[in-house]
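Working notes, structure below.
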Amino acid sequence: MKLFFSFIIPVYNRPDEIRELLESLAEQTYENAFEVVIVEDGSTTSAEHEVSLFQDRLQITYLPKPNSGPGASRNYGMERAKGNYFIVLDSDCILPPQYLVEADKALQEHFVHCYGGPDAAHPSFSLVQKAINYAMTSIWTTGGIRGGKKAIGKFQPRSFNMGISKEAFQTVGGYGKIHPGEDPDLTMRIWNNGYETRLIPDAFVYHKRRIDWKKFYIQVNKFGMVRPILNKWHPGTAKVTYWFPTLFCLGFLVSLVLFAIDILAPLGLYGCYFALVFIDALLKNRSVAIALLSFLAVWIQFIGYGYGFLKSVILINFSGKTAEQVFPKLFFK
C-alpha cells in the first residue's frame with residue numbers, strides 16, 4: 001500500500017518547542033514526500049514565525065484556530081490533511097532521523113490502521129525529565145503500557161506518538177472532548193470498529209515532558225481520574241491492574257501501622273520493590289542521581305494516580321452524576 005504520511009501536531013504557547021520538533025522532521029532520512037500540519041490551538045504566543053522558517057525545508061501547513069483542546073485540534077488537522085495516514089505527535093517531542101523509515105517499513109511488512117511507538121529520554125534531557133520518563137515507561141511502574149516491548153495486554157497507542165489511517169479516523173470520528181484520556185478512548189473505539197493496533201518499537205520519539213514535580217502530580221492525578229470514566233464508557237476494558245497504584249499506597253499505610261507493632265515483613269516488601277526500581281533505573285540511566293530521582297517520581301506517580309483513581313471510582317459510580325458534571329475540567333466544550 002502506498003502511504004503518504006501527514007504529521008499532525010497541535011501546539012499551544014510553545015513556539016520554541018515546535019522549532020525543535022520541526023528541525024528533527026526536516027532531518028528525516030525518509031526518501032518519499034510527507035507533509036506536516038501544525039495546528040495552533042488558540043495560543044497567545046504564536047508559533048507562526050518558527051513554522052515560516054521551515055517552509056523551504058518541509059511541506060508544511062500552518063492552521064491557527066480558537067482554543068478547543070488537543071483532541072479537537074488533532075481532528076481539525078486530520079480533516080484538512082492531504083495524506084492517507086496520519087502521525088499524531090505532541091509538540092514536546094523530538095524525532096530521531098530514522099523515525100519515518102522505521103514506521104513505513106513496519107507498516108509495509110504488517111499493515112495496521114493504528115500504531116503507537118515508545119518514548120525515550122534524549123541525552124540532553126534534564127535529570128528530572130529522565131527520572132519522570134523512567135517512571136512513565138518502566139515495566140516495573142506502568143507495566144510498559146507506554147511502549148515497552150513487554151507491555152501487558154493489547155497495546156494502546158498514545159497521542160504523543162500515534163499513527164492512524166485516514167480510513168480509521170473517518171470511521172470512528174476522531175478524538176473525543178475528554179482530556180486527558182482522549183487517546184485511550186480513541187483506541188477503544190478503533191478496536192470496537194474491528195481495527196487492529198500494534199506497537200512499532202523502532203518508531204520511537206524523545207518525549208521531553210517539560211514539567212516540574214507539581215505539574216507531574218497534576219498530570220498523573222488526572223490520568224487516575226480519567227480511567228474510571230473510560231471503564232464506564234467502554235465496559236469490558238476495566239482491569240484489576242488499574243487498581244495497583246491505589247492499593248499500593250493504601251498497603252504502604254497499612255505496612256507502617258504494622259511496623260509500629262513490630263510486624264516488619266510488609267514494609268520489607270516495599271523496601272525490596274523500591275530497591276528493584278532503584279537498580280533498574282540505575283542500570284538504564286547509569287546515574288545514581290537519576291535513580292534517586294526516579295524513586296521520587298514513582299512515589300508521585302503512584303500517589304497522584306492512586307488518589308485520582310479512587311476518588312473517581314467513588315464519584316463516577318455513586319454520585320448519580322455524569323462524568324462531565326463530576327469533573328468538568330476534564331472536558332473541552
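Within each chain, counting starts at residue 1; across the C-alpha cells, chains are named A, B, ... in the order shown, with ligands numbered 1 upward in that order.
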### Message
To test your reading of the structure, identify every residue in segment 33-103 of chain A that backbone DSSP assigns to strand (DSSP E), and report it as a list of chain:residue names.
### Response
A:Glu35, A:Val36, A:Val37, A:Ile38, A:Val39, A:Glu40, A:Asp41, A:Gln59, A:Ile60, A:Thr61, A:Tyr62, A:Leu63, A:Pro64, A:Lys65, A:Tyr85, A:Phe86, A:Ile87, A:Val88, A:Leu89, A:Cys93, A:Ile94
Atoms kept (N, CA, C and O atoms) for selection, written as a compact mmCIF listing (two decimals), in the first residue's frame:
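Listing of selection.txt after writing:
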# COMPACT_ATOMS: atom_id res chain seq x y z
N GLU A 35 4.00 15.36 4.60
CA GLU A 35 3.62 16.73 4.96
C GLU A 35 3.54 16.89 6.47
O GLU A 35 3.41 15.90 7.22
N VAL A 36 3.60 18.13 6.90
CA VAL A 36 3.50 18.48 8.32
C VAL A 36 2.37 19.49 8.47
O VAL A 36 2.34 20.51 7.78
N VAL A 37 1.44 19.19 9.39
CA VAL A 37 0.31 20.09 9.64
C VAL A 37 0.41 20.58 11.08
O VAL A 37 0.29 19.78 12.02
N ILE A 38 0.67 21.87 11.25
CA ILE A 38 0.75 22.47 12.58
C ILE A 38 -0.58 23.15 12.88
O ILE A 38 -1.03 24.02 12.13
N VAL A 39 -1.21 22.77 13.99
CA VAL A 39 -2.49 23.36 14.39
C VAL A 39 -2.25 24.23 15.61
O VAL A 39 -1.94 23.73 16.70
N GLU A 40 -2.33 25.54 15.43
CA GLU A 40 -2.15 26.50 16.54
C GLU A 40 -3.47 26.60 17.30
O GLU A 40 -4.44 27.18 16.83
N ASP A 41 -3.49 26.03 18.51
CA ASP A 41 -4.74 25.87 19.26
C ASP A 41 -5.04 27.09 20.14
O ASP A 41 -5.04 27.00 21.37
N GLN A 59 7.24 20.30 3.57
CA GLN A 59 5.89 20.57 3.03
C GLN A 59 5.00 20.80 4.25
O GLN A 59 4.51 19.85 4.86
N ILE A 60 4.80 22.05 4.61
CA ILE A 60 4.21 22.37 5.90
C ILE A 60 3.01 23.30 5.75
O ILE A 60 3.01 24.20 4.92
N THR A 61 2.00 23.05 6.58
CA THR A 61 0.79 23.87 6.62
C THR A 61 0.57 24.36 8.03
O THR A 61 0.67 23.58 8.99
N TYR A 62 0.27 25.63 8.18
CA TYR A 62 0.04 26.25 9.49
C TYR A 62 -1.44 26.62 9.59
O TYR A 62 -1.95 27.38 8.76
N LEU A 63 -2.13 26.07 10.60
CA LEU A 63 -3.57 26.28 10.76
C LEU A 63 -3.88 26.88 12.13
O LEU A 63 -3.98 26.17 13.13
N PRO A 64 -4.05 28.20 12.23
CA PRO A 64 -4.47 28.80 13.50
C PRO A 64 -5.97 28.64 13.71
O PRO A 64 -6.75 28.64 12.76
N LYS A 65 -6.38 28.48 14.96
CA LYS A 65 -7.79 28.30 15.29
C LYS A 65 -8.02 28.67 16.74
O LYS A 65 -7.08 28.74 17.53
N TYR A 85 -2.42 8.57 5.71
CA TYR A 85 -2.03 8.01 7.01
C TYR A 85 -1.49 9.16 7.87
O TYR A 85 -0.59 9.89 7.44
N PHE A 86 -2.09 9.34 9.05
CA PHE A 86 -1.74 10.45 9.92
C PHE A 86 -0.83 9.97 11.05
O PHE A 86 -1.05 8.90 11.62
N ILE A 87 0.14 10.79 11.38
CA ILE A 87 1.00 10.53 12.54
C ILE A 87 0.83 11.69 13.50
O ILE A 87 1.19 12.83 13.18
N VAL A 88 0.27 11.41 14.66
CA VAL A 88 -0.02 12.44 15.65
C VAL A 88 1.14 12.51 16.65
O VAL A 88 1.55 11.49 17.22
N LEU A 89 1.64 13.71 16.87
CA LEU A 89 2.74 13.94 17.80
C LEU A 89 2.38 15.05 18.77
O LEU A 89 1.61 15.95 18.44
N CYS A 93 7.99 16.72 21.57
CA CYS A 93 8.72 15.54 21.11
C CYS A 93 9.81 15.94 20.12
O CYS A 93 9.73 16.97 19.46
N ILE A 94 10.83 15.09 20.03
CA ILE A 94 11.88 15.20 19.03
C ILE A 94 12.00 13.83 18.38
O ILE A 94 12.02 12.81 19.08
Please provide the set of residues having any atom within 10 Å of Lys2 of chain A, restricted to only C-alpha atoms, with same-chain residues fewer than 5 positions apart removed, written as a tab-separated table (two decimals) with C-alpha atoms, in the first residue's frame.
chain	number	residue	atom	x	y	z
A	84	ASN	CA	-3.87	8.82	3.78
A	85	TYR	CA	-2.03	8.01	7.01
A	104	ASP	CA	6.90	2.91	6.95
A	108	GLN	CA	4.63	-2.31	4.78
### Task
Name the closest residue to Trp233 of chain A among the candidates A:Gly271, A:Gly77, A:Pro184, A:Gly194; distances are taken between atoms, counting only C-alpha atoms.
A:Pro184
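What separates atom CA of Ala33 of chain A from atom CA of Phe7 of chain A is a distance of 11.6 Å.
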### Message
Quick check for you: according to DSSP on this backbone, which residues of segment 212-320 of chain A are classed as alpha helix (DSSP H)? Reply as number ranges by chain.
### Response
A: 213-233, 244-260, 265-285, 288-318
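Near Lys105 of chain A, within a cut-off of 10 Å and counting only C-alpha atoms, sit the residues Leu100, His110, Phe111, Ile200 and Ala203 of chain A, with same-chain residues fewer than 5 positions away left out.
Across A:Thr197, A:Gln156, A:Gln301, A:Ser6, the tightest approach to Met78 of chain A is made by A:Ser6 when counting only C-alpha atoms.
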Sorted per-residue table, segment 144-235 of chain A near segment 243-261 of chain A, closest atoms and distance, 12 Å, only C-alpha atoms, as a Markdown table:
| residue | atom | partner | partner_atom | distance |
| --- | --- | --- | --- | --- |
| A:Val220 | CA | A:Pro245 | CA | 10.9 |
| A:Asn221 | CA | A:Pro245 | CA | 11.0 |
| A:Phe223 | CA | A:Pro245 | CA | 11.6 |
| A:Gly224 | CA | A:Pro245 | CA | 9.1 |
| A:Met225 | CA | A:Thr246 | CA | 11.7 |
| A:Arg227 | CA | A:Trp243 | CA | 10.0 |
| A:Pro228 | CA | A:Trp243 | CA | 10.1 |
Could the residues in this selection be written to a file with N, CA, C and O atoms, as a tab-separated table (two decimals), in the first residue's frame?
chain	number	residue	atom	x	y	z
A	220	VAL	N	-0.58	13.11	36.50
A	220	VAL	CA	-0.90	11.71	36.81
A	220	VAL	C	-2.19	11.62	37.62
A	220	VAL	O	-2.92	10.61	37.54
A	221	ASN	N	-2.49	12.65	38.41
A	221	ASN	CA	-3.76	12.67	39.13
A	221	ASN	C	-4.93	12.68	38.16
A	221	ASN	O	-5.94	11.98	38.35
A	223	PHE	N	-4.79	11.50	35.09
A	223	PHE	CA	-4.81	10.17	34.48
A	223	PHE	C	-5.64	9.21	35.34
A	223	PHE	O	-6.41	8.41	34.83
A	224	GLY	N	-5.44	9.30	36.66
A	224	GLY	CA	-6.19	8.44	37.56
A	224	GLY	C	-7.68	8.73	37.53
A	224	GLY	O	-8.51	7.81	37.55
A	225	MET	N	-8.06	10.00	37.47
A	225	MET	CA	-9.48	10.37	37.44
A	225	MET	C	-10.15	9.93	36.14
A	225	MET	O	-11.32	9.57	36.12
A	227	ARG	N	-9.42	7.26	34.19
A	227	ARG	CA	-9.55	5.83	33.94
A	227	ARG	C	-10.91	5.24	34.30
A	227	ARG	O	-11.50	4.50	33.50
A	228	PRO	N	-11.51	5.53	35.47
A	228	PRO	CA	-12.85	5.00	35.75
A	228	PRO	C	-13.92	5.51	34.78
A	228	PRO	O	-14.90	4.81	34.51
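For the residues A:Ser24, A:Asn231, A:Thr137, A:Ser124, ranking by smallest atom-to-atom distance to Pro97 of chain A using only C-alpha atoms places A:Ser24 first.
Interatomic distance, atom CA of Gly181 of chain A to atom CA of Gly71 of chain A: 9.6 Å.
Shortest atom-to-atom contact with Ile132 of chain A among A:Arg158, A:Arg198, A:His113, A:His207: A:His207, counting only C-alpha atoms.
With atom CA of Lys166 of chain A on one side and atom CA of Ala238 of chain A on the other, the separation reads 28.2 Å.
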